[in-house]
Each structure stands twice: as structure tokens, then as C-alpha cells.
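Containing mmCIF, C-alpha atoms: input37.cif.
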```
data_my_file
#
loop_
_atom_site.label_atom_id
_atom_site.label_comp_id
_atom_site.auth_asym_id
_atom_site.auth_seq_id
_atom_site.Cartn_x
_atom_site.Cartn_y
_atom_site.Cartn_z
CA MET A 1 53.33 84.60 85.32
CA ILE A 2 54.97 82.82 82.38
CA THR A 3 57.51 84.94 80.51
CA GLY A 4 58.27 82.49 77.71
CA LYS A 5 61.93 82.19 78.64
CA ALA A 6 63.34 78.79 79.51
CA ASP A 7 65.14 78.26 82.75
CA PRO A 8 68.85 77.66 81.99
CA ALA A 9 68.84 74.73 84.40
CA ASP A 10 66.03 73.11 82.43
CA ARG A 11 67.95 73.71 79.22
CA SER A 12 71.04 71.95 80.54
CA ASP A 13 68.85 69.04 81.62
CA ASP A 14 67.41 68.89 78.11
CA ILE A 15 70.90 68.76 76.62
CA ALA A 16 71.92 66.04 79.08
CA GLN A 17 68.86 64.01 78.09
CA LEU A 18 69.61 64.50 74.41
CA ARG A 19 73.20 63.34 74.90
CA GLN A 20 71.95 60.26 76.73
CA HIS A 21 69.25 59.52 74.14
CA LEU A 22 71.70 59.81 71.24
CA ASP A 23 74.33 57.88 73.20
CA MET A 24 76.75 60.75 72.55
CA PRO A 25 78.11 61.84 75.95
CA ASP A 26 80.80 63.97 74.28
CA LEU A 27 78.29 65.97 72.21
CA ASN A 28 79.64 69.55 72.09
CA TYR A 29 76.75 71.96 72.62
CA GLN A 30 77.07 75.73 72.28
CA ASP A 31 74.32 77.91 73.72
CA ILE A 32 73.92 80.48 70.96
CA SER A 33 71.32 82.52 72.88
CA LEU A 34 73.82 83.05 75.69
CA LEU A 35 76.44 84.31 73.23
CA VAL A 36 73.91 86.66 71.62
CA GLY A 37 72.94 88.00 75.05
CA VAL A 38 76.57 88.71 75.88
CA GLN A 39 77.11 90.48 72.56
CA GLN A 40 74.01 92.62 73.12
CA ALA A 41 75.16 93.54 76.63
CA LEU A 42 78.58 94.56 75.32
CA GLN A 43 76.95 96.76 72.67
CA ARG A 44 74.62 98.31 75.24
CA TRP A 45 77.38 98.99 77.77
CA PRO A 46 80.73 99.68 76.02
CA LEU A 47 82.53 100.21 79.33
CA LEU A 48 81.68 96.62 80.26
CA GLY A 49 83.49 95.45 77.13
CA GLU A 50 86.53 97.57 77.96
CA SER A 51 86.73 96.21 81.49
CA CYS A 52 86.33 92.62 80.21
CA ARG A 53 89.19 93.12 77.75
CA ALA A 54 91.38 94.72 80.40
CA SER A 55 90.60 91.92 82.83
CA ALA A 56 91.45 89.28 80.22
CA GLN A 57 94.76 91.00 79.54
CA GLY A 58 95.52 91.35 83.24
CA THR A 59 95.65 95.14 82.96
CA LEU A 60 92.41 96.04 84.73
CA TYR A 61 94.09 97.14 87.95
CA ALA A 62 97.50 97.87 86.49
CA THR A 63 96.14 100.97 84.75
CA ALA A 64 94.76 102.49 87.95
CA PRO A 65 97.02 105.19 89.35
CA GLN A 66 98.78 104.28 92.58
CA ARG A 67 97.98 106.52 95.54
CA GLU A 68 100.84 108.16 97.29
CA VAL A 69 100.96 107.39 101.00
CA LEU A 70 101.70 110.44 103.08
CA SER A 71 103.09 110.10 106.57
CA PRO A 72 101.80 112.45 109.26
#
```
Can you give me the file's structure in the form of C-alpha cells?
Amino acid sequence: MITGKADPADRSDDIAQLRQHLDMPDLNYQDISLLVGVQQALQRWPLLGESCRASAQGTLYATAPQREVLSP
């Protein structure tokens, strides 16, 4: 079944071929569809966005309460 979505591996091959054809190996390519997909996911799942921000700030695990260890 064909879904109409390109395989990301094929897309990167296409970009590599374009760079070679244009003789521009340093061509900076931004995959806009990937960025849009990430933005949509963050809107759909707000907690994902919060955990990404906390992870980027290095506070993801720092905010979790520490458990007290009880000796028997």
C-alpha cells in the first residue's frame, strides 16, 4: 500500500544528489516538514513540550523529589 509519504532515507539521498548535481557540497538544507511535525506534536501533547524544555535546561530529573531511604 502506498501512503504518499516519502521515506526520509530517500529524501536525504535526493538532497545528496542535488548537492552533487549543483556542485554545492555545503548546501544547507532544512527539512521544513520535520519541523512542522515536531511543532504539531508539541501542540498535541503539551507535556512532551514541558519535558523537552526541562531536559534542555538540565532540570528534568532535578525537579523530581528525592526518596528518603529508611533503614530497617
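For the set A:Leu42, A:Ser71, A:Ala16, A:Glu50, the residue with the smallest atom-to-atom gap to Asn28 in chain A is A:Ala16, counting only C-alpha atoms.
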Practice task
In Å, rounded to a single decimal, give me how far CA of Leu18 in chain A is from CA of Val36 in chain A.
Solution key: 22.7 Å
Please evaluate the PyMOL selection byres ((chain A and resi 29) around 12) against the displayed coordinates and give the resulting residues as a PDB file with C-alpha atoms, keeping the file's coordinate frame.
```pdb
ATOM      1  CA  ARG A  11      67.950  73.710  79.220  1.00  0.00           C
ATOM      2  CA  SER A  12      71.040  71.950  80.540  1.00  0.00           C
ATOM      3  CA  ASP A  14      67.410  68.890  78.110  1.00  0.00           C
ATOM      4  CA  ILE A  15      70.900  68.760  76.620  1.00  0.00           C
ATOM      5  CA  ALA A  16      71.920  66.040  79.080  1.00  0.00           C
ATOM      6  CA  LEU A  18      69.610  64.500  74.410  1.00  0.00           C
ATOM      7  CA  ARG A  19      73.200  63.340  74.900  1.00  0.00           C
ATOM      8  CA  MET A  24      76.750  60.750  72.550  1.00  0.00           C
ATOM      9  CA  PRO A  25      78.110  61.840  75.950  1.00  0.00           C
ATOM     10  CA  ASP A  26      80.800  63.970  74.280  1.00  0.00           C
ATOM     11  CA  LEU A  27      78.290  65.970  72.210  1.00  0.00           C
ATOM     12  CA  ASN A  28      79.640  69.550  72.090  1.00  0.00           C
ATOM     13  CA  GLN A  30      77.070  75.730  72.280  1.00  0.00           C
ATOM     14  CA  ASP A  31      74.320  77.910  73.720  1.00  0.00           C
ATOM     15  CA  ILE A  32      73.920  80.480  70.960  1.00  0.00           C
ATOM     16  CA  SER A  33      71.320  82.520  72.880  1.00  0.00           C
ATOM     17  CA  LEU A  34      73.820  83.050  75.690  1.00  0.00           C
TER      18      LEU A  34
END
```
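Here CA of Gly58 in chain A stands at a distance of 22.7 Å from CA of Leu35 in chain A.
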Problem - Gap from CA of Gln57 in chain A to CA of Gly37 in chain A - Å, one decimal - result: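 Computing it gives 22.5 Å between the two atoms.
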Return as lines of an AutoDock Vina configuration file the box centre and box size in Å, one decimal, for an axis-aligned box around all listed atoms of range 43-61 of chain A padded by 5 Å per side.
```
center_x = 85.1
center_y = 94.7
center_z = 80.3
size_x = 31.0
size_y = 20.9
size_z = 25.3
```
